[in-house]
file upload-v5.txt (compact mmCIF, C-alpha atoms)
# COMPACT_ATOMS: atom_id res chain seq x y z
CA MET A 1 0.00 0.00 0.00
CA GLY A 2 2.87 2.33 0.86
CA LEU A 3 4.43 1.67 -2.56
CA LEU A 4 1.19 2.65 -4.33
CA TRP A 5 1.00 5.90 -2.39
CA THR A 6 4.61 6.66 -3.29
CA ILE A 7 3.92 6.01 -7.00
CA ALA A 8 0.81 8.19 -6.85
CA GLU A 9 2.72 11.01 -5.19
CA VAL A 10 5.45 10.81 -7.84
CA LEU A 11 2.88 10.91 -10.63
CA VAL A 12 1.12 13.90 -9.10
CA ALA A 13 4.43 15.68 -8.71
CA LEU A 14 5.32 14.96 -12.34
CA ILE A 15 1.95 16.24 -13.51
CA LEU A 16 2.35 19.44 -11.50
CA ILE A 17 5.87 19.96 -12.84
CA ILE A 18 4.75 19.43 -16.43
CA ALA A 19 1.72 21.69 -15.95
CA SER A 20 3.90 24.41 -14.42
CA PHE A 21 6.38 24.10 -17.27
CA LEU A 22 3.61 24.37 -19.90
CA LEU A 23 2.01 27.34 -18.17
CA THR A 24 5.36 29.11 -17.92
CA ALA A 25 6.10 28.38 -21.58
CA ILE A 26 2.66 29.65 -22.68
CA VAL A 27 2.90 32.85 -20.64
CA SER A 28 6.47 33.49 -21.84
CA GLU A 29 5.56 32.96 -25.51
CA ALA A 30 2.40 35.05 -25.21
CA TYR A 31 4.52 37.86 -23.73
CA ARG A 32 7.08 37.50 -26.52
CA ARG A 33 4.33 37.85 -29.13
CA ARG A 34 2.70 40.88 -27.56
CA HIS A 35 4.01 43.11 -30.36
CA ASN A 36 3.60 40.59 -33.19
CA ASN A 37 0.94 42.81 -34.74
CA THR A 38 3.33 45.72 -35.37
CA HIS A 39 4.78 44.19 -38.55
CA VAL A 40 8.47 44.83 -38.07
CA ASP A 41 9.35 42.61 -41.02
CA ALA A 42 10.38 43.92 -44.43
CA GLN A 43 7.99 46.14 -46.34
CA ALA A 44 6.07 44.37 -49.08
CA ILE A 45 7.25 45.17 -52.62
CA PHE A 46 5.39 44.49 -55.85
CA GLU A 47 7.50 44.08 -58.97
CA ASP A 48 6.24 44.25 -62.53
CA PRO A 49 7.90 41.24 -64.23
CA ASN A 50 7.31 42.81 -67.64
CA SER A 51 9.07 46.11 -66.98
CA LEU A 52 11.11 44.94 -63.93
CA LYS A 53 10.03 48.14 -62.16
CA GLN A 54 8.77 48.28 -58.59
CA VAL A 55 5.11 49.16 -58.15
CA PRO A 56 3.99 51.43 -55.27
CA CYS A 57 2.81 49.26 -52.39
CA PRO A 58 -0.66 50.13 -51.04
CA HIS A 59 -1.66 49.77 -47.39
CA ILE A 60 -4.95 48.91 -45.73
CA HIS A 61 -5.12 52.47 -44.35
CA ASP A 62 -5.10 53.91 -47.87
CA PRO A 63 -8.40 54.54 -49.71
CA ALA A 64 -9.67 51.62 -51.79
CA GLU A 65 -8.68 51.58 -55.47
CA LYS A 66 -10.45 48.38 -56.51
CA TYR A 67 -13.86 46.95 -55.72
CA LEU A 68 -12.65 43.43 -54.87
CA SER A 69 -9.33 41.98 -53.68
CA LEU A 70 -8.76 38.23 -53.53
CA VAL A 71 -5.93 37.15 -51.22
CA ILE A 72 -4.51 33.67 -51.84
CA PRO A 73 -1.86 32.25 -49.47
CA ALA A 74 0.39 29.71 -51.17
CA PHE A 75 2.96 27.35 -49.67
CA ASN A 76 4.40 24.74 -52.04
CA GLU A 77 1.37 24.97 -54.33
CA GLU A 78 2.97 24.69 -57.79
CA TYR A 79 0.54 21.94 -58.81
CA ARG A 80 -2.74 23.10 -57.29
CA LEU A 81 -2.32 26.86 -57.78
CA PRO A 82 -2.56 27.04 -61.61
CA GLY A 83 -5.99 25.42 -61.78
CA ALA A 84 -7.37 27.55 -58.94
CA LEU A 85 -5.98 30.75 -60.53
CA ASP A 86 -7.36 29.89 -63.97
CA GLU A 87 -10.83 29.37 -62.53
CA THR A 88 -10.61 32.50 -60.39
CA ILE A 89 -9.39 34.85 -63.11
CA ASN A 90 -11.84 33.47 -65.68
CA TYR A 91 -14.68 34.24 -63.29
CA LEU A 92 -13.36 37.74 -62.57
CA GLN A 93 -12.86 38.56 -66.26
CA GLN A 94 -16.36 37.38 -67.16
CA ARG A 95 -17.85 39.47 -64.41
CA ALA A 96 -15.81 42.53 -65.39
CA ALA A 97 -16.96 42.12 -69.01
CA LYS A 98 -20.59 42.28 -67.88
CA ASP A 99 -20.11 45.11 -65.39
CA LYS A 100 -17.63 47.83 -66.35
CA SER A 101 -17.65 49.21 -62.81
CA PHE A 102 -16.37 45.91 -61.42
CA THR A 103 -12.63 46.11 -60.71
CA TYR A 104 -10.51 43.47 -59.05
CA GLU A 105 -7.06 42.28 -58.09
CA VAL A 106 -5.64 38.89 -57.11
CA VAL A 107 -2.90 39.01 -54.46
CA ILE A 108 -0.86 35.82 -54.19
CA VAL A 109 1.27 35.52 -51.05
CA ASP A 110 4.12 33.04 -51.42
CA ASP A 111 4.77 31.82 -47.86
CA GLY A 112 8.38 30.74 -48.37
CA SER A 113 7.67 27.95 -50.86
CA ALA A 114 10.52 25.58 -51.72
CA ASP A 115 9.02 24.50 -55.05
CA ALA A 116 8.07 26.43 -58.21
CA THR A 117 5.15 28.34 -56.65
CA LYS A 118 6.92 31.67 -57.19
CA ARG A 119 7.48 30.95 -60.89
CA VAL A 120 3.87 29.86 -61.38
CA ALA A 121 2.60 33.02 -59.69
CA PHE A 122 4.85 35.31 -61.73
CA ASP A 123 3.66 33.61 -64.93
CA PHE A 124 0.14 34.79 -64.07
CA VAL A 125 1.40 38.30 -63.26
CA LYS A 126 3.05 38.46 -66.68
CA LYS A 127 -0.07 37.18 -68.40
CA TYR A 128 -2.64 39.41 -66.68
CA THR A 129 -0.48 42.47 -65.70
CA VAL A 130 0.62 43.62 -62.27
CA ASP A 131 -2.48 45.81 -61.94
CA ASN A 132 -4.70 42.71 -61.78
CA VAL A 133 -2.40 40.03 -60.32
CA ARG A 134 0.27 40.68 -57.73
CA ILE A 135 2.60 38.49 -55.69
CA ILE A 136 4.08 39.10 -52.25
CA LEU A 137 7.14 37.03 -51.29
CA LEU A 138 7.55 36.34 -47.57
CA GLY A 139 11.02 34.81 -48.04
CA ARG A 140 10.59 32.08 -45.44
CA ASN A 141 7.62 30.12 -44.18
CA HIS A 142 5.63 32.02 -41.54
CA GLY A 143 2.27 30.26 -41.67
CA LYS A 144 -1.08 30.68 -43.40
CA GLY A 145 -2.27 33.31 -40.95
CA GLU A 146 0.75 35.52 -41.52
CA ALA A 147 0.50 35.11 -45.30
CA ILE A 148 -3.14 36.21 -45.29
CA ARG A 149 -2.44 39.07 -42.91
CA LYS A 150 0.31 40.36 -45.19
CA GLY A 151 -1.93 40.09 -48.24
CA MET A 152 -4.81 41.86 -46.54
CA LEU A 153 -2.63 44.71 -45.32
CA HIS A 154 -1.43 45.42 -48.86
CA SER A 155 -4.65 44.98 -50.84
CA ARG A 156 -6.64 47.72 -52.58
CA GLY A 157 -10.21 46.41 -52.47
CA GLU A 158 -13.37 47.75 -50.90
CA LEU A 159 -14.14 44.11 -50.22
CA LEU A 160 -11.36 41.65 -49.40
CA LEU A 161 -11.76 37.89 -49.82
CA MET A 162 -9.36 35.27 -48.51
CA LEU A 163 -9.48 31.91 -50.27
CA ASP A 164 -7.29 28.82 -50.39
CA ALA A 165 -4.92 27.99 -53.22
CA ASP A 166 -6.48 24.55 -53.77
CA GLY A 167 -9.78 25.84 -55.16
CA ALA A 168 -11.81 23.72 -52.73
CA THR A 169 -14.54 26.37 -52.70
CA LYS A 170 -15.88 27.62 -56.02
CA VAL A 171 -14.90 31.25 -56.48
CA ALA A 172 -18.39 32.13 -57.75
CA ASP A 173 -19.63 31.55 -54.19
CA LEU A 174 -18.06 34.86 -53.26
CA GLU A 175 -21.27 36.43 -54.54
CA LYS A 176 -23.13 34.78 -51.64
CA LEU A 177 -20.85 36.52 -49.15
CA GLU A 178 -20.84 39.77 -51.10
CA ASN A 179 -24.63 39.94 -51.34
CA GLN A 180 -25.05 39.26 -47.63
CA ILE A 181 -22.54 41.95 -46.72
CA HIS A 182 -24.48 44.49 -48.79
CA ALA A 183 -27.78 43.33 -47.30
CA VAL A 184 -26.53 43.53 -43.72
CA ALA A 185 -24.95 46.94 -44.38
CA LYS A 186 -28.35 48.29 -45.36
CA LYS A 187 -30.01 46.71 -42.36
CA GLU A 188 -27.40 47.37 -39.67
CA PHE A 189 -26.68 50.91 -40.73
CA CYS A 190 -30.25 51.80 -41.75
CA LEU A 191 -29.33 52.27 -45.38
CA GLY A 192 -32.17 52.04 -47.84
CA GLU A 193 -32.03 51.82 -51.62
CA SER A 194 -31.56 55.58 -51.91
CA ALA A 195 -28.53 55.46 -49.62
CA ALA A 196 -27.06 52.51 -51.46
CA SER A 197 -27.26 54.45 -54.73
CA ASP A 198 -25.80 57.59 -53.19
CA SER A 199 -22.31 58.24 -54.54
CA SER A 200 -21.10 59.04 -51.02
CA PHE A 201 -21.94 55.55 -49.80
CA ARG A 202 -19.07 53.05 -49.91
CA ILE A 203 -19.35 49.54 -48.58
CA SER A 204 -15.66 49.75 -47.64
CA ASP A 205 -16.55 52.12 -44.79
CA MET A 206 -18.85 49.62 -43.06
CA PRO A 207 -17.10 47.10 -40.74
CA LEU A 208 -18.62 43.72 -41.69
CA ALA A 209 -17.39 40.15 -42.07
CA ALA A 210 -18.90 37.19 -43.95
CA PHE A 211 -17.60 33.67 -43.32
CA GLY A 212 -18.06 30.81 -45.73
CA SER A 213 -19.21 27.67 -43.95
CA ARG A 214 -19.11 23.93 -44.59
CA ALA A 215 -21.23 23.10 -41.54
CA HIS A 216 -24.18 22.16 -43.74
CA LEU A 217 -22.13 19.47 -45.44
CA GLU A 218 -22.07 17.35 -42.28
CA GLU A 219 -25.84 17.21 -42.19
CA LYS A 220 -26.45 16.77 -45.91
CA ALA A 221 -23.43 14.55 -46.55
CA LEU A 222 -22.54 16.49 -49.66
CA ALA A 223 -18.82 16.08 -49.10
CA THR A 224 -16.61 13.35 -47.70
CA ARG A 225 -13.60 14.01 -45.55
CA LYS A 226 -10.93 11.73 -44.19
CA TRP A 227 -11.72 10.45 -40.70
CA TYR A 228 -8.91 12.40 -39.05
CA ARG A 229 -10.20 15.67 -40.53
CA ASN A 230 -13.63 15.00 -38.99
CA PHE A 231 -11.95 14.12 -35.70
CA LEU A 232 -9.90 17.32 -35.82
CA MET A 233 -12.96 19.40 -36.62
CA LYS A 234 -15.10 18.05 -33.77
CA GLY A 235 -12.36 18.36 -31.17
CA PHE A 236 -11.27 21.75 -32.45
CA HIS A 237 -14.81 23.13 -32.37
CA LEU A 238 -15.09 22.16 -28.69
CA VAL A 239 -11.85 23.93 -27.80
CA VAL A 240 -12.82 26.97 -29.89
CA LEU A 241 -16.16 27.17 -28.10
CA LEU A 242 -14.31 27.33 -24.78
CA THR A 243 -11.76 29.85 -26.08
CA ALA A 244 -13.63 32.30 -28.31
CA GLY A 245 -17.25 31.53 -27.52
CA SER A 246 -20.13 30.60 -29.80
CA GLY A 247 -21.33 32.32 -32.93
CA ILE A 248 -19.64 30.64 -35.89
CA ARG A 249 -20.08 26.90 -36.51
CA ASP A 250 -17.26 26.50 -39.02
CA THR A 251 -14.33 28.67 -38.02
CA GLN A 252 -11.75 27.03 -40.29
CA CYS A 253 -13.28 27.41 -43.74
CA GLY A 254 -10.69 29.29 -45.79
CA PHE A 255 -13.30 31.39 -47.60
CA LYS A 256 -13.90 34.66 -45.74
CA MET A 257 -14.79 38.17 -46.87
CA PHE A 258 -14.24 41.46 -45.06
CA THR A 259 -15.04 45.06 -45.83
CA ARG A 260 -12.00 47.33 -45.87
CA ALA A 261 -13.03 48.91 -42.57
CA ALA A 262 -13.26 45.49 -40.91
CA ALA A 263 -9.97 44.27 -42.39
CA ARG A 264 -8.25 47.43 -41.14
CA LYS A 265 -9.29 46.72 -37.56
CA LEU A 266 -8.71 42.96 -37.66
CA PHE A 267 -5.47 42.49 -39.56
CA THR A 268 -3.59 45.28 -37.80
CA ASN A 269 -4.22 43.45 -34.52
CA ILE A 270 -3.99 39.77 -35.37
CA ARG A 271 -1.00 37.91 -33.88
CA LEU A 272 -1.42 34.20 -34.56
CA LYS A 273 0.43 33.09 -37.68
CA ARG A 274 -0.75 29.58 -38.40
CA TRP A 275 -3.91 27.46 -38.22
CA CYS A 276 -5.75 29.26 -35.43
CA PHE A 277 -5.67 32.78 -36.82
CA ASP A 278 -9.31 32.20 -37.94
CA VAL A 279 -10.34 31.85 -34.30
CA GLU A 280 -8.50 35.05 -33.42
CA LEU A 281 -10.40 36.82 -36.20
CA ILE A 282 -13.69 35.75 -34.61
CA PHE A 283 -12.51 36.87 -31.18
CA LEU A 284 -11.52 40.27 -32.59
CA CYS A 285 -14.81 40.61 -34.48
CA LYS A 286 -16.62 40.17 -31.18
CA TRP A 287 -14.28 42.61 -29.46
CA PHE A 288 -14.90 45.33 -32.05
CA GLY A 289 -18.59 44.49 -32.42
CA ILE A 290 -18.16 43.69 -36.11
CA PRO A 291 -21.25 41.83 -37.39
CA MET A 292 -20.39 38.30 -38.57
CA ILE A 293 -22.45 36.43 -41.15
CA GLU A 294 -22.01 32.69 -41.70
CA ILE A 295 -23.01 31.51 -45.18
CA SER A 296 -23.05 27.99 -46.62
CA VAL A 297 -20.69 27.49 -49.56
CA ASN A 298 -19.96 24.58 -51.86
CA TRP A 299 -16.81 22.72 -50.89
CA SER A 300 -14.95 19.63 -52.00
CA GLU A 301 -11.85 18.01 -50.56
CA ILE A 302 -8.81 18.48 -52.78
CA PRO A 303 -5.81 16.11 -52.44
CA GLY A 304 -2.72 17.68 -50.93
CA SER A 305 -4.15 19.19 -47.74
CA LYS A 306 -1.53 20.25 -45.20
CA VAL A 307 -3.83 19.53 -42.24
CA ASN A 308 -2.91 16.30 -40.43
CA LEU A 309 -2.81 14.76 -36.97
CA LEU A 310 0.40 16.63 -36.20
CA SER A 311 -1.57 19.87 -36.56
CA ILE A 312 -3.39 19.19 -33.27
CA PRO A 313 -0.56 20.22 -30.89
CA ASN A 314 0.07 23.43 -32.86
CA MET A 315 -3.64 24.31 -32.85
CA LEU A 316 -3.92 23.78 -29.09
CA TRP A 317 -0.72 25.74 -28.52
CA GLU A 318 -1.96 28.74 -30.48
CA LEU A 319 -5.36 28.68 -28.78
CA ALA A 320 -3.64 28.63 -25.39
CA LEU A 321 -1.46 31.58 -26.41
CA MET A 322 -4.47 33.55 -27.60
CA SER A 323 -6.43 32.86 -24.45
CA VAL A 324 -3.58 33.87 -22.14
CA GLY A 325 -2.53 36.83 -24.29
CA TYR A 326 -5.93 38.49 -24.39
CA ARG A 327 -7.20 37.48 -20.95
CA THR A 328 -4.11 38.86 -19.21
CA ARG A 329 -4.24 41.99 -21.44
CA MET A 330 -0.65 41.36 -22.58
CA TRP A 331 -2.00 41.53 -26.13
CA LYS A 332 -3.23 45.07 -26.55
CA ILE A 333 -5.93 45.78 -29.15
CA SER A 334 -5.64 49.05 -31.04
CA ASN A 335 -8.55 50.79 -32.73
call {"tool": "encode", "arguments": {"input": "upload-v5.txt", "output": "structure tokens"}}
result
Amino acid sequence: MGLLWTIAEVLVALILIIASFLLTAIVSEAYRRRHNNTHVDAQAIFEDPNSLKQVPCPHIHDPAEKYLSLVIPAFNEEYRLPGALDETINYLQQRAAKDKSFTYEVVIVDDGSADATKRVAFDFVKKYTVDNVRIILLGRNHGKGEAIRKGMLHSRGELLLMLDADGATKVADLEKLENQIHAVAKKEFCLGESAASDSSFRISDMPLAAFGSRAHLEEKALATRKWYRNFLMKGFHLVVLLTAGSGIRDTQCGFKMFTRAAARKLFTNIRLKRWCFDVELIFLCKWFGIPMIEISVNWSEIPGSKVNLLSIPNMLWELALMSVGYRTRMWKISN
């Protein structure tokens, strides 16, 4: 009996030591990242591959110059990126041909790829001009969240859409998000048809966010995912509920749209660089009181996903950092 008590005491001591070590590590890392939103890295530069001249780099604080910006993070996507870009640009060109007031840009953010992603992206810049397609090179791999943040901060659109490089969601579904943003703008800000047609009204000035969602696919069985992705989703949703609260059923869908006013508030404050930046976006939306709309989109699983079982520890780590950072007020939020 004495031996059992000794073993139990040792186990409890080990658990306490490990817990103390983890807590210390989390607090230390959260403190280290307290200024991660200040963007001390190199300024983004756009280069015209046709003339080899540098193009002035816009910032999210500048007035919008385009109606729509599409931000695509890319890490080792030389095979999946071309198809997604072809579909995206074909859609945008067709829409621009029908509506002369429709202007757009595609911002590709190369997150330190080791393959030919950079060459593929520059081929599209050469083909469609630097005014319509631009590439930002991060140099080394930072994570999807950092790639999207960088793209958002240097986009020119009134509306800004983030979407994945695999083309899992049809780009035409952006109209679902776009239409809901306009509808909510009229409702939330008491804007009728006369206001919407007023030349002084710009959707970019209204802080709104629309999130594409795959939650309906679970119920209707319209898509099949590998078992570990379902496992990750269920477990992750539980942790997210405890960390950021309720409101959005599918936080991880890579198809999200923001007005320029919303993007300005969110992406100048976001600190997480990898998988859990979506959760931080939701937390910040709630903090700023930015209305969030969740809209069902079509989605299909594309081979080559970078989400796997090893993603779990990183997701939990980032959620712990976010929780400690904001709850202890180490992570300051600027307006």
call {"tool": "closest_atom_pairs", "arguments": {"input": "upload-v5.txt", "of": "stretch 29-85 of chain A", "to": "stretch 145-158 of chain A", "cutoff": "7 Å", "atoms": "only C-alpha atoms", "output": "tab-separated table"}}
result
residue	atom	partner	partner_atom	distance
A:Cys57	CA	A:His154	CA	6.7
A:Pro58	CA	A:His154	CA	5.2
A:His59	CA	A:His154	CA	4.6
A:Ile60	CA	A:Leu153	CA	4.8
A:Ala64	CA	A:Arg156	CA	5.0
A:Glu65	CA	A:Arg156	CA	5.2
A:Lys66	CA	A:Gly157	CA	4.5
A:Tyr67	CA	A:Glu158	CA	4.9
A:Leu68	CA	A:Gly157	CA	4.5
A:Ser69	CA	A:Gly157	CA	4.7
A:Val71	CA	A:Gly151	CA	5.8
A:Pro73	CA	A:Ala147	CA	5.6
call {"tool": "residues_near_point", "arguments": {"input": "upload-v5.txt", "point": "(-20.5, 36.0, -42.5)", "cutoff": "6 Å", "atoms": "all atoms listed in the file", "output": "list in words"}}
result
Ala209, Ala210, Phe211, Met292, Ile293, Glu294 and Ile295 of chain A
call {"tool": "closest_residue", "arguments": {"input": "upload-v5.txt", "among": "A:Lys100, A:Lys332, A:Arg119, A:Arg95", "to": "A:His35", "atoms": "all atoms listed in the file"}}
result
A:Lys332
call {"tool": "residues_near_point", "arguments": {"input": "upload-v5.txt", "point": "(-4.9, 43.8, -31.5)", "cutoff": "10 Å", "atoms": "all atoms listed in the file", "output": "ChimeraX atom specification"}}
result
/A:34-38,265-271,280,284,287,326,331-335
call {"tool": "residues_around", "arguments": {"input": "upload-v5.txt", "residues": "stretch 19-24 of chain A", "least_positions_apart": "2", "cutoff": "12 Å", "atoms": "only C-alpha atoms", "output": "ChimeraX atom specification"}}
result
/A:12-17,26-31,316-317,320-321,323-324
call {"tool": "closest_residue", "arguments": {"input": "upload-v5.txt", "among": "A:Ile18, A:Gly83, A:Phe122, A:Gln94", "to": "A:Asn50", "atoms": "all atoms listed in the file"}}
result
A:Phe122
call {"tool": "atom_distance", "arguments": {"input": "upload-v5.txt", "atom1": "atom CA of A:Lys144", "atom2": "atom CA of A:Val109"}}
result
9.4 Å
call {"tool": "atom_distance", "arguments": {"input": "upload-v5.txt", "atom1": "atom CA of A:Lys118", "atom2": "atom CA of A:Pro56"}}
result
20.1 Å
call {"tool": "closest_residue", "arguments": {"input": "upload-v5.txt", "among": "A:Val133, A:Ala172, A:Ile7, A:Ala74", "to": "A:Val297", "atoms": "all atoms listed in the file"}}
result
A:Ala172
call {"tool": "axis_aligned_box", "arguments": {"input": "upload-v5.txt", "around": "stretch 107-124 of chain A", "padding_each_side": "6 Å", "output": "JSON"}}
result
{"center_x": 3.8, "center_y": 31.8, "center_z": -56.4, "size_x": 25.4, "size_y": 26.5, "size_z": 29.1}
call {"tool": "atom_distance", "arguments": {"input": "upload-v5.txt", "atom1": "atom CA of A:Thr251", "atom2": "atom CA of A:Glu87"}}
result
24.8 Å
